[in-house]
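Visitor: This is work.cif, which holds mmCIF, C-alpha atoms:
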data_input
#
loop_
_atom_site.label_atom_id
_atom_site.label_comp_id
_atom_site.auth_asym_id
_atom_site.auth_seq_id
_atom_site.Cartn_x
_atom_site.Cartn_y
_atom_site.Cartn_z
CA MET A 1 64.91 109.00 136.23
CA ILE A 2 67.43 111.15 138.15
CA LEU A 3 65.60 111.93 141.35
CA PHE A 4 62.48 113.47 139.87
CA SER A 5 59.77 111.57 138.01
CA CYS A 6 58.28 112.68 134.68
CA ARG A 7 55.12 113.73 136.51
CA ARG A 8 57.07 115.94 138.89
CA VAL A 9 59.12 117.44 136.06
CA VAL A 10 55.97 118.22 134.08
CA GLN A 11 54.56 120.02 137.12
CA LEU A 12 57.78 122.01 137.43
CA THR A 13 57.72 122.80 133.72
CA SER A 14 54.52 124.71 134.35
CA LYS A 15 55.66 126.18 137.65
CA GLU A 16 58.76 127.70 136.06
CA LEU A 17 56.48 129.79 133.85
CA ASP A 18 55.04 131.43 136.96
CA ALA A 19 57.80 131.39 139.54
CA ARG A 20 61.50 130.98 140.05
CA LEU A 21 62.29 127.36 140.83
CA ARG A 22 64.35 126.41 143.84
CA LEU A 23 67.90 125.39 143.04
CA THR A 24 67.22 121.71 143.73
CA GLU A 25 64.12 121.81 141.51
CA LEU A 26 66.06 123.49 138.75
CA VAL A 27 68.97 121.05 138.92
CA CYS A 28 66.90 117.89 139.26
CA ALA A 29 64.40 118.87 136.56
CA GLY A 30 67.24 119.91 134.24
CA GLY A 31 69.09 116.66 134.92
CA HIS A 32 65.95 114.66 134.25
CA ARG A 33 65.38 116.43 130.95
CA LEU A 34 68.91 115.72 129.79
CA LEU A 35 68.01 112.05 129.75
CA CYS A 36 64.27 112.18 129.07
CA GLY A 37 63.34 113.20 125.54
CA GLN A 38 59.62 113.27 126.29
CA CYS A 39 59.94 115.78 129.14
CA ARG A 40 62.32 117.85 127.02
CA LEU A 41 59.79 117.85 124.21
CA TYR A 42 56.91 118.67 126.55
CA ARG A 43 58.79 121.73 127.80
CA GLN A 44 59.53 122.90 124.27
CA GLN A 45 55.91 122.41 123.18
CA LEU A 46 54.48 124.00 126.31
CA HIS A 47 56.57 127.11 125.74
CA ALA A 48 55.27 127.32 122.16
CA ILE A 49 51.69 126.93 123.37
CA GLU A 50 52.20 129.52 126.09
CA ALA A 51 53.39 132.04 123.49
CA ALA A 52 50.44 131.20 121.24
CA ILE A 53 47.94 131.70 124.06
CA ARG A 54 49.42 135.06 124.98
CA GLU A 55 49.15 136.10 121.35
CA TYR A 56 45.60 134.79 121.17
CA LEU A 57 44.55 136.83 124.19
CA ARG A 58 46.25 139.90 122.73
CA GLU A 59 44.94 139.56 119.19
CA ALA A 60 41.95 137.34 118.91
CA PRO A 61 39.31 137.74 121.60
CA GLY A 62 37.38 140.40 119.69
CA ARG A 63 37.22 138.30 116.50
CA GLY A 64 34.24 136.18 115.57
CA ASP A 65 30.63 136.88 114.75
CA GLU A 66 28.83 136.98 118.06
CA ARG A 67 26.87 140.19 118.53
CA LEU A 68 25.85 142.09 121.61
CA PRO A 69 22.14 141.28 121.96
CA ASP A 70 19.75 144.06 120.96
CA ASP A 71 18.13 144.27 124.39
CA ALA A 72 21.55 144.77 125.99
CA LYS A 73 22.35 147.45 123.41
CA ALA A 74 19.08 149.24 124.17
CA ARG A 75 19.75 149.07 127.91
CA ILE A 76 23.28 150.43 127.54
CA ARG A 77 22.07 153.17 125.18
CA ASP A 78 19.52 154.28 127.79
CA LEU A 79 22.17 154.28 130.52
CA LEU A 80 24.52 156.36 128.39
CA LYS A 81 21.70 158.81 127.69
CA GLU A 82 20.96 159.05 131.41
CA GLY A 83 24.66 159.48 132.14
CA SER A 84 25.03 162.28 129.67
CA ALA A 85 21.79 164.06 130.56
CA MET B 1 32.06 177.48 112.97
CA PRO B 2 32.15 175.70 116.36
CA GLU B 3 35.53 174.59 117.65
CA PRO B 4 36.06 170.84 117.77
CA SER B 5 35.54 169.58 121.28
CA ALA B 6 38.27 167.49 122.93
CA GLU B 7 35.69 165.54 124.92
CA PRO B 8 33.37 163.11 123.24
CA SER B 9 29.74 164.13 123.25
CA ALA B 10 26.81 161.95 124.21
CA VAL B 11 26.36 161.26 120.52
CA ASP B 12 29.97 159.98 120.31
CA CYS B 13 29.28 157.59 123.17
CA GLN B 14 26.29 156.17 121.32
CA ALA B 15 28.63 155.75 118.37
CA TRP B 16 31.08 153.83 120.57
CA LEU B 17 28.31 151.38 121.32
CA ASP B 18 27.37 151.09 117.65
CA ARG B 19 30.93 150.77 116.39
CA HIS B 20 32.62 148.80 119.13
CA GLY B 21 29.83 147.17 121.16
CA ASP B 22 29.94 143.85 119.30
CA TYR B 23 33.74 143.73 119.41
CA LEU B 24 33.79 144.44 123.14
CA TYR B 25 31.09 141.85 123.70
CA ARG B 26 33.10 139.18 121.85
CA TYR B 27 36.23 140.08 123.81
CA ALA B 28 34.32 139.76 127.09
CA LEU B 29 32.57 136.57 125.98
CA ARG B 30 35.83 134.91 124.93
CA THR B 31 37.48 135.71 128.24
CA VAL B 32 34.72 135.21 130.81
CA ARG B 33 32.59 132.81 128.73
CA ARG B 34 29.29 133.80 130.34
CA ALA B 35 26.94 135.79 128.12
CA GLU B 36 25.23 137.70 130.90
CA ALA B 37 28.51 138.66 132.55
CA ALA B 38 29.90 139.70 129.16
CA GLU B 39 26.93 142.05 128.61
CA ASP B 40 27.40 143.56 132.06
CA LEU B 41 31.11 144.06 131.43
CA VAL B 42 30.44 145.87 128.16
CA GLN B 43 27.92 148.08 129.92
CA GLU B 44 30.34 148.89 132.75
CA THR B 45 33.10 149.57 130.24
CA LEU B 46 31.08 152.07 128.22
CA LEU B 47 29.81 153.82 131.32
CA ALA B 48 33.34 154.00 132.75
CA ALA B 49 34.58 155.33 129.41
CA TRP B 50 31.86 157.98 129.42
CA ARG B 51 32.74 159.05 132.96
CA GLY B 52 36.45 159.06 132.19
CA ARG B 53 36.16 160.58 128.72
CA ALA B 54 38.20 163.61 129.75
CA LYS B 55 41.20 161.33 130.29
CA PHE B 56 41.11 159.99 126.75
CA ALA B 57 43.96 161.84 125.13
CA GLY B 58 43.49 160.35 121.69
CA ARG B 59 46.96 158.82 121.69
CA SER B 60 45.44 155.42 120.87
CA SER B 61 42.35 154.51 118.90
CA VAL B 62 38.98 154.59 120.66
CA ARG B 63 38.78 150.81 120.28
CA SER B 64 42.15 150.28 121.97
CA TRP B 65 41.16 152.61 124.77
CA LEU B 66 37.81 150.87 125.31
CA THR B 67 39.48 147.45 125.14
CA ALA B 68 42.00 148.46 127.79
CA ILE B 69 39.14 149.52 130.09
CA LEU B 70 37.29 146.28 129.37
CA LYS B 71 40.40 144.19 129.99
CA ARG B 72 40.77 145.72 133.46
CA LYS B 73 37.10 144.98 134.16
CA VAL B 74 37.48 141.38 132.94
CA ILE B 75 40.48 140.92 135.24
CA ASP B 76 38.51 142.30 138.20
CA TRP B 77 35.60 140.00 137.34
CA LEU B 78 37.87 136.94 137.08
CA ARG B 79 39.60 137.83 140.32
CA ALA B 80 36.27 138.09 142.15
CA THR B 81 35.00 134.84 140.62
CA VAL B 82 38.16 132.89 141.45
CA ARG B 83 38.30 134.34 144.97
CA GLU B 84 34.68 133.39 145.64
CA ARG B 85 35.02 129.89 144.18
CA GLU B 86 38.33 128.98 145.78
CA ARG B 87 37.09 129.87 149.26
CA THR B 88 35.06 126.69 149.21
CA SER B 89 37.10 124.45 146.89
CA GLU B 90 39.96 122.13 147.51
CA VAL B 91 42.60 120.96 145.08
CA GLY B 92 42.16 117.19 144.87
CA ALA B 93 43.31 114.53 142.45
CA ASP B 94 43.00 115.19 138.74
CA LYS B 95 41.72 112.62 136.26
CA VAL B 96 43.51 114.09 133.26
CA GLU B 97 46.85 114.22 135.03
CA ASP B 98 46.37 110.71 136.43
CA ALA B 99 45.56 109.43 132.94
CA ALA B 100 48.73 110.93 131.50
CA PHE B 101 51.10 109.17 133.89
CA ALA B 102 51.55 105.56 134.94
CA LYS B 103 51.79 104.49 138.57
CA SER B 104 55.54 104.91 138.30
CA ASP B 105 54.87 108.59 137.43
CA LYS B 106 56.41 108.09 133.99
CA TRP B 107 54.50 109.12 130.86
CA ARG B 108 52.00 106.51 129.74
CA ALA B 109 52.72 105.26 126.21
CA LYS B 110 49.47 106.80 124.90
CA SER B 111 50.19 110.22 126.40
CA LYS B 112 53.86 110.65 125.60
CA PRO B 113 54.81 113.87 123.84
CA THR B 114 55.93 113.25 120.28
CA GLU B 115 57.25 115.61 117.64
CA TRP B 116 54.52 117.83 116.21
CA GLU B 117 53.68 117.34 112.56
CA THR B 118 53.02 121.00 111.97
CA ASP B 119 54.09 124.35 113.37
CA GLY B 120 51.92 127.22 114.42
CA PRO B 121 49.86 129.15 111.89
CA ASP B 122 51.85 130.64 109.02
CA SER B 123 49.24 132.80 107.30
CA ASP B 124 46.26 134.94 108.26
CA ALA B 125 43.87 132.23 107.09
CA THR B 126 45.47 129.46 109.12
CA ARG B 127 45.89 131.88 112.01
CA ALA B 128 42.12 132.34 112.15
CA GLU B 129 41.65 128.56 112.16
CA PHE B 130 44.29 128.20 114.84
CA TRP B 131 42.59 130.81 117.04
CA GLU B 132 39.37 128.86 116.63
CA VAL B 133 41.09 125.72 117.92
CA VAL B 134 42.66 127.65 120.82
CA ARG B 135 39.23 129.09 121.65
CA SER B 136 37.63 125.67 121.50
CA CYS B 137 40.33 124.09 123.69
CA SER B 138 40.18 126.84 126.31
CA GLY B 139 36.38 126.57 126.23
CA LYS B 140 36.64 122.93 127.21
CA LEU B 141 38.68 123.62 130.32
CA PRO B 142 36.72 123.18 133.53
CA PRO B 143 35.54 126.70 134.55
CA ARG B 144 37.62 126.61 137.70
CA LEU B 145 40.83 126.03 135.77
CA ARG B 146 39.84 128.23 132.84
CA ASP B 147 39.21 131.34 134.94
CA VAL B 148 42.57 131.04 136.68
CA PHE B 149 44.31 130.28 133.40
CA VAL B 150 42.81 133.27 131.56
CA LEU B 151 43.45 135.52 134.54
CA ARG B 152 47.11 134.49 134.62
CA HIS B 153 47.53 135.22 130.93
CA LEU B 154 45.55 138.46 130.84
CA GLU B 155 47.15 139.89 133.94
CA GLU B 156 50.51 141.33 133.30
CA ALA B 157 51.27 140.74 136.96
CA GLU B 158 53.44 138.34 138.87
CA ALA B 159 51.81 135.11 139.98
CA ALA B 160 52.40 136.13 143.61
CA GLU B 161 50.33 139.26 143.06
CA ILE B 162 47.50 137.20 141.60
CA CYS B 163 47.58 134.88 144.62
CA GLN B 164 47.22 137.86 146.89
CA ALA B 165 44.41 139.36 144.82
CA VAL B 166 42.35 136.18 144.72
CA ASP B 167 43.39 134.92 148.14
CA ILE B 168 44.82 131.52 147.18
CA THR B 169 48.16 129.98 147.99
CA PRO B 170 50.91 129.89 145.35
CA SER B 171 50.83 126.07 145.52
CA ASN B 172 47.14 126.00 144.61
CA LEU B 173 47.71 128.47 141.79
CA TRP B 174 50.58 126.42 140.36
CA VAL B 175 48.60 123.19 140.54
CA MET B 176 45.61 124.74 138.74
CA LEU B 177 47.79 126.35 136.07
CA HIS B 178 49.69 123.12 135.53
CA ARG B 179 46.44 121.19 135.05
CA ALA B 180 45.07 123.80 132.68
CA ARG B 181 48.31 123.79 130.64
CA LEU B 182 48.42 120.01 130.48
CA ARG B 183 44.87 120.03 129.08
CA MET B 184 45.66 122.80 126.60
CA TRP B 185 48.78 120.96 125.47
CA ARG B 186 46.83 117.75 124.97
CA CYS B 187 43.92 119.42 123.20
CA LEU B 188 46.09 121.56 120.89
CA THR B 189 48.35 118.61 120.13
CA ARG B 190 45.38 116.52 119.11
CA ASN B 191 43.43 119.17 117.30
CA TRP B 192 46.05 121.35 115.68
CA TYR B 193 49.58 120.03 115.84
CA GLY B 194 48.23 116.60 114.99
CA THR B 195 50.83 114.18 116.29
CA ASP B 196 48.55 111.42 117.39
CA PRO B 197 46.67 109.98 114.43
CA SER B 198 45.19 107.25 116.62
CA GLU B 199 43.23 109.89 118.52
CA PRO B 200 40.12 111.47 117.04
CA LYS B 201 40.80 115.01 115.81
CA ALA B 202 37.69 116.29 117.51
CA GLY B 203 38.79 114.96 120.89
CA GLY B 204 38.01 116.93 124.02
CA VAL B 205 40.38 118.28 126.61
#
Before we go any further, please render this structure as structure tokens.

Guide:
Amino acid sequence: MILFSCRRVVQLTSKELDARLRLTELVCAGGHRLLCGQCRLYRQQLHAIEAAIREYLREAPGRGDERLPDDAKARIRDLLKEGSA
Amino acid sequence: MPEPSAEPSAVDCQAWLDRHGDYLYRYALRTVRRAEAAEDLVQETLLAAWRGRAKFAGRSSVRSWLTAILKRKVIDWLRATVRERERTSEVGADKVEDAAFAKSDKWRAKSKPTEWETDGPDSDATRAEFWEVVRSCSGKLPPRLRDVFVLRHLEEAEAAEICQAVDITPSNLWVMLHRARLRMWRCLTRNWYGTDPSEPKAGGV
């Protein structure tokens, strides 16, 4: 569909999140999306996911119930003692 | 009465470990996904914080300050890991991408994007569930893609700067990020946004 395939447009949908597309890439991908509802939807959904992942990495990594193992705590405590001695 | 000291004492540093050690460990574990490396990163963070305690102006909370130090250490760790791995790896074909597209390079019927049935989380409770799904999906990425993906999203740097730091070409970076995103899209669509009832909810990436 219009010069670029769905596969190529999906690749460019990711690339545009990291780099400025070349003019031909921009025009051909945009033209493809005008006629291809799936690639249009993929772009919309990928942008939503991208925003969610950024929020996750900002808000959520410290949540959960894993605990620093006791032996690691003891080792770090000793190192801090040494460092402050 | 002694004057309050601007610098944390050794006792304060022990308190950092007690109060924030588990949090820092979880942060490191969620981003590097290797327990031993996560322990080392927490250790390096607390030692760096102790050495740099004079610079802590108290403008942010101790936890935010420690997390910022840890984040920098995680980024350095990911950069080193990606650099080392990519020296000997090549970007070849990708099964997940091949499965999504037909020979004509159009979407396969089974893989086509469809309207999501639900939006993102709308309350704290569903947010926690959503984060769990995001964590699970990112955990299922192949380590090679995951490290690059997390690095890209943690780094507030241009992609070109990341390429330079980890010594890979922009093309390789874009291919890896595209493959990681395609997997995340598929996994989150199946396991959260729920648009494909024919697929099992517990499907992998």

Visitor: Can you give me, as a list in words, the residues this file yields under the PyMOL selection byres ((chain B and resi 111-125) around 9)?

Guide: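 For this structure, the PyMOL selection byres ((chain B and resi 111-125) around 9) resolves to Gly37, Gln38, Cys39, Leu41, Tyr42, Gln45, Ala48, Ile49 and Ala52 of chain A; Ala99, Ala100, Phe101, Trp107, Arg108, Ala109, Lys110, Thr126, Arg127, Ala128, Glu129, Phe130, Arg186, Thr189, Trp192, Tyr193, Gly194, Thr195 and Asp196 of chain B.
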
Visitor: Could you take the residues named above and write them with C-alpha atoms, as a PDB file, in the coordinates of the input?

Guide:
ATOM      1  CA  GLY A  37      63.340 113.200 125.540  1.00  0.00           C
ATOM      2  CA  GLN A  38      59.620 113.270 126.290  1.00  0.00           C
ATOM      3  CA  CYS A  39      59.940 115.780 129.140  1.00  0.00           C
ATOM      4  CA  LEU A  41      59.790 117.850 124.210  1.00  0.00           C
ATOM      5  CA  TYR A  42      56.910 118.670 126.550  1.00  0.00           C
ATOM      6  CA  GLN A  45      55.910 122.410 123.180  1.00  0.00           C
ATOM      7  CA  ALA A  48      55.270 127.320 122.160  1.00  0.00           C
ATOM      8  CA  ILE A  49      51.690 126.930 123.370  1.00  0.00           C
ATOM      9  CA  ALA A  52      50.440 131.200 121.240  1.00  0.00           C
TER      10      ALA A  52
ATOM     11  CA  ALA B  99      45.560 109.430 132.940  1.00  0.00           C
ATOM     12  CA  ALA B 100      48.730 110.930 131.500  1.00  0.00           C
ATOM     13  CA  PHE B 101      51.100 109.170 133.890  1.00  0.00           C
ATOM     14  CA  TRP B 107      54.500 109.120 130.860  1.00  0.00           C
ATOM     15  CA  ARG B 108      52.000 106.510 129.740  1.00  0.00           C
ATOM     16  CA  ALA B 109      52.720 105.260 126.210  1.00  0.00           C
ATOM     17  CA  LYS B 110      49.470 106.800 124.900  1.00  0.00           C
ATOM     18  CA  THR B 126      45.470 129.460 109.120  1.00  0.00           C
ATOM     19  CA  ARG B 127      45.890 131.880 112.010  1.00  0.00           C
ATOM     20  CA  ALA B 128      42.120 132.340 112.150  1.00  0.00           C
ATOM     21  CA  GLU B 129      41.650 128.560 112.160  1.00  0.00           C
ATOM     22  CA  PHE B 130      44.290 128.200 114.840  1.00  0.00           C
ATOM     23  CA  ARG B 186      46.830 117.750 124.970  1.00  0.00           C
ATOM     24  CA  THR B 189      48.350 118.610 120.130  1.00  0.00           C
ATOM     25  CA  TRP B 192      46.050 121.350 115.680  1.00  0.00           C
ATOM     26  CA  TYR B 193      49.580 120.030 115.840  1.00  0.00           C
ATOM     27  CA  GLY B 194      48.230 116.600 114.990  1.00  0.00           C
ATOM     28  CA  THR B 195      50.830 114.180 116.290  1.00  0.00           C
ATOM     29  CA  ASP B 196      48.550 111.420 117.390  1.00  0.00           C
TER      30      ASP B 196
END

Visitor: Suppose you want the space between atom CA of B:Arg63 and atom CA of B:Arg152; what is it in Å?

Guide: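 Atom-to-atom, atom CA of B:Arg63 and atom CA of B:Arg152 are spaced 23.3 Å apart.
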
Visitor: Considering all atoms listed in the file, give me a table of residues in chain B that are at most 7 Å from chain A, with the closest atom pair and distance in Å for each, as a Markdown table.

Guide:
| residue | atom | partner | partner_atom | distance |
| --- | --- | --- | --- | --- |
| B:Ala10 | CA | A:Ser84 | CA | 5.8 |
| B:Gln14 | CA | A:Arg77 | CA | 6.5 |
| B:Gly21 | CA | A:Leu68 | CA | 6.5 |
| B:Asp22 | CA | A:Arg67 | CA | 4.8 |
| B:Tyr23 | CA | A:Gly62 | CA | 4.9 |
| B:Leu24 | CA | A:Gly62 | CA | 6.4 |
| B:Tyr25 | CA | A:Leu68 | CA | 5.6 |
| B:Arg26 | CA | A:Gly62 | CA | 4.9 |
| B:Tyr27 | CA | A:Gly62 | CA | 4.3 |
| B:Arg30 | CA | A:Pro61 | CA | 5.6 |
| B:Glu39 | CA | A:Ala72 | CA | 6.6 |
| B:Gln43 | CA | A:Ile76 | CA | 5.7 |
| B:Leu47 | CA | A:Leu80 | CA | 6.6 |
| B:Phe101 | CA | A:Arg7 | CA | 6.6 |
| B:Asp105 | CA | A:Arg7 | CA | 5.2 |
| B:Lys106 | CA | A:Cys6 | CA | 5.0 |
| B:Trp107 | CA | A:Cys6 | CA | 6.4 |
| B:Lys112 | CA | A:Gln38 | CA | 6.4 |
| B:Pro113 | CA | A:Gln38 | CA | 5.4 |
| B:Trp131 | CA | A:Tyr56 | CA | 6.5 |
| B:His153 | CA | A:Arg54 | CA | 6.2 |
| B:Leu154 | CA | A:Leu57 | CA | 6.9 |
| B:Ala159 | CA | A:Asp18 | CA | 5.8 |
| B:Trp174 | CA | A:Lys15 | CA | 5.8 |
| B:His178 | CA | A:Ser14 | CA | 5.2 |
| B:Trp185 | CA | A:Leu46 | CA | 6.5 |

Visitor: Just how far from atom CA of B:Leu145 is atom CA of B:Lys73, in Å to one decimal?

Guide: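 Result for atom CA of B:Lys73 versus atom CA of B:Leu145: 19.4 Å, one decimal.
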
Visitor: Given only C-alpha atoms as the basis, pick out the residue of B:Ser60, B:Asn172, B:Asn191, B:Thr31 nearest to B:Asp76.

Guide: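 Ranked by minimum distance to B:Asp76, first place goes to B:Thr31.
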
Visitor: What separation in Å, quoted to one decimal, exists between atom CA of B:Asp167 and atom CA of B:Ala48?

Guide: 26.5 Å

Visitor: For the structure provided, state which residues fall under the PyMOL selection byres ((chain B and resi 147) around 8), and present them as JSON, numbers by chain.

Guide: {"B": [32, 78, 81, 82, 143, 144, 145, 146, 148, 149, 150, 151]}

Visitor: Which residues, written as a list in words, have at least one atom at most 9 Å from B:Leu46, with all atoms listed in the file counted and residues fewer than 2 positions away on the same chain left out?

Guide: Ile76 and Leu80 of chain A; Cys13, Trp16, Leu17, Gly21, Leu41, Val42, Gln43, Glu44, Ala48, Ala49, Trp50, Arg51, Leu66, Ile69 and Leu70 of chain B

Visitor: Got a sec to resolve the PyMOL selection byres ((chain B and resi 187) around 10) on this structure and send the residues as a PyMOL selection string?

Guide: chain B and resi 133-134+136-138+140-141+181-186+188-194+201-205

Visitor: Taking into account all atoms listed in the file, which residue in the set B:Arg83, B:Arg53, B:Arg72, B:Arg34 is nearest to B:Cys163?

Guide: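 Using all atoms listed in the file, the shortest distance to B:Cys163 belongs to B:Arg83.
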
Visitor: Working from the structure I just supplied, which lacks atoms in stretch 32-56 of chain A, can you model N, CA and C atoms there and output them as a PDB file, keeping the file's coordinate frame?

Guide:
ATOM      1  N   HIS A  32      66.929 115.611 134.774  1.00  0.00           N
ATOM      2  CA  HIS A  32      65.950 114.660 134.250  1.00  0.00           C
ATOM      3  C   HIS A  32      65.760 114.873 132.736  1.00  0.00           C
ATOM      4  N   ARG A  33      65.637 116.125 132.369  1.00  0.00           N
ATOM      5  CA  ARG A  33      65.380 116.430 130.950  1.00  0.00           C
ATOM      6  C   ARG A  33      66.558 116.071 130.044  1.00  0.00           C
ATOM      7  N   LEU A  34      67.758 116.109 130.619  1.00  0.00           N
ATOM      8  CA  LEU A  34      68.910 115.720 129.790  1.00  0.00           C
ATOM      9  C   LEU A  34      68.763 114.289 129.287  1.00  0.00           C
ATOM     10  N   LEU A  35      68.120 113.468 130.105  1.00  0.00           N
ATOM     11  CA  LEU A  35      68.010 112.050 129.750  1.00  0.00           C
ATOM     12  C   LEU A  35      66.621 111.662 129.243  1.00  0.00           C
ATOM     13  N   CYS A  36      65.649 112.551 129.432  1.00  0.00           N
ATOM     14  CA  CYS A  36      64.270 112.180 129.070  1.00  0.00           C
ATOM     15  C   CYS A  36      63.783 113.059 127.907  1.00  0.00           C
ATOM     16  N   GLY A  37      63.748 112.462 126.741  1.00  0.00           N
ATOM     17  CA  GLY A  37      63.340 113.200 125.540  1.00  0.00           C
ATOM     18  C   GLY A  37      61.901 113.677 125.602  1.00  0.00           C
ATOM     19  N   GLN A  38      61.037 112.884 126.230  1.00  0.00           N
ATOM     20  CA  GLN A  38      59.620 113.270 126.290  1.00  0.00           C
ATOM     21  C   GLN A  38      59.426 114.546 127.145  1.00  0.00           C
ATOM     22  N   CYS A  39      60.087 114.592 128.284  1.00  0.00           N
ATOM     23  CA  CYS A  39      59.940 115.780 129.140  1.00  0.00           C
ATOM     24  C   CYS A  39      60.599 116.995 128.491  1.00  0.00           C
ATOM     25  N   ARG A  40      61.666 116.749 127.754  1.00  0.00           N
ATOM     26  CA  ARG A  40      62.320 117.850 127.020  1.00  0.00           C
ATOM     27  C   ARG A  40      61.362 118.386 125.952  1.00  0.00           C
ATOM     28  N   LEU A  41      60.723 117.465 125.262  1.00  0.00           N
ATOM     29  CA  LEU A  41      59.790 117.850 124.210  1.00  0.00           C
ATOM     30  C   LEU A  41      58.562 118.556 124.792  1.00  0.00           C
ATOM     31  N   TYR A  42      58.081 118.039 125.911  1.00  0.00           N
ATOM     32  CA  TYR A  42      56.910 118.670 126.550  1.00  0.00           C
ATOM     33  C   TYR A  42      57.223 120.127 126.884  1.00  0.00           C
ATOM     34  N   ARG A  43      58.404 120.359 127.420  1.00  0.00           N
ATOM     35  CA  ARG A  43      58.790 121.730 127.800  1.00  0.00           C
ATOM     36  C   ARG A  43      58.828 122.630 126.561  1.00  0.00           C
ATOM     37  N   GLN A  44      59.425 122.120 125.520  1.00  0.00           N
ATOM     38  CA  GLN A  44      59.530 122.900 124.270  1.00  0.00           C
ATOM     39  C   GLN A  44      58.135 123.208 123.721  1.00  0.00           C
ATOM     40  N   GLN A  45      57.261 122.223 123.728  1.00  0.00           N
ATOM     41  CA  GLN A  45      55.910 122.410 123.180  1.00  0.00           C
ATOM     42  C   GLN A  45      55.073 123.310 124.088  1.00  0.00           C
ATOM     43  N   LEU A  46      55.250 123.165 125.385  1.00  0.00           N
ATOM     44  CA  LEU A  46      54.480 124.000 126.310  1.00  0.00           C
ATOM     45  C   LEU A  46      54.863 125.476 126.148  1.00  0.00           C
ATOM     46  N   HIS A  47      56.136 125.727 125.945  1.00  0.00           N
ATOM     47  CA  HIS A  47      56.570 127.110 125.740  1.00  0.00           C
ATOM     48  C   HIS A  47      55.955 127.678 124.454  1.00  0.00           C
ATOM     49  N   ALA A  48      55.876 126.861 123.415  1.00  0.00           N
ATOM     50  CA  ALA A  48      55.270 127.320 122.160  1.00  0.00           C
ATOM     51  C   ALA A  48      53.784 127.609 122.364  1.00  0.00           C
ATOM     52  N   ILE A  49      53.121 126.744 123.121  1.00  0.00           N
ATOM     53  CA  ILE A  49      51.690 126.930 123.370  1.00  0.00           C
ATOM     54  C   ILE A  49      51.458 128.177 124.231  1.00  0.00           C
ATOM     55  N   GLU A  50      52.313 128.358 125.203  1.00  0.00           N
ATOM     56  CA  GLU A  50      52.200 129.520 126.090  1.00  0.00           C
ATOM     57  C   GLU A  50      52.294 130.818 125.257  1.00  0.00           C
ATOM     58  N   ALA A  51      53.236 130.848 124.342  1.00  0.00           N
ATOM     59  CA  ALA A  51      53.390 132.040 123.490  1.00  0.00           C
ATOM     60  C   ALA A  51      52.156 132.227 122.611  1.00  0.00           C
ATOM     61  N   ALA A  52      51.621 131.109 122.099  1.00  0.00           N
ATOM     62  CA  ALA A  52      50.440 131.200 121.240  1.00  0.00           C
ATOM     63  C   ALA A  52      49.231 131.710 122.023  1.00  0.00           C
ATOM     64  N   ILE A  53      49.099 131.272 123.255  1.00  0.00           N
ATOM     65  CA  ILE A  53      47.940 131.700 124.060  1.00  0.00           C
ATOM     66  C   ILE A  53      48.043 133.184 124.405  1.00  0.00           C
ATOM     67  N   ARG A  54      49.248 133.623 124.706  1.00  0.00           N
ATOM     68  CA  ARG A  54      49.420 135.060 124.980  1.00  0.00           C
ATOM     69  C   ARG A  54      49.061 135.874 123.728  1.00  0.00           C
ATOM     70  N   GLU A  55      49.466 135.394 122.585  1.00  0.00           N
ATOM     71  CA  GLU A  55      49.150 136.100 121.350  1.00  0.00           C
ATOM     72  C   GLU A  55      47.643 136.067 121.097  1.00  0.00           C
ATOM     73  N   TYR A  56      47.049 134.923 121.354  1.00  0.00           N
ATOM     74  CA  TYR A  56      45.600 134.790 121.170  1.00  0.00           C
ATOM     75  C   TYR A  56      44.858 135.818 122.038  1.00  0.00           C
TER      76      TYR A  56
END
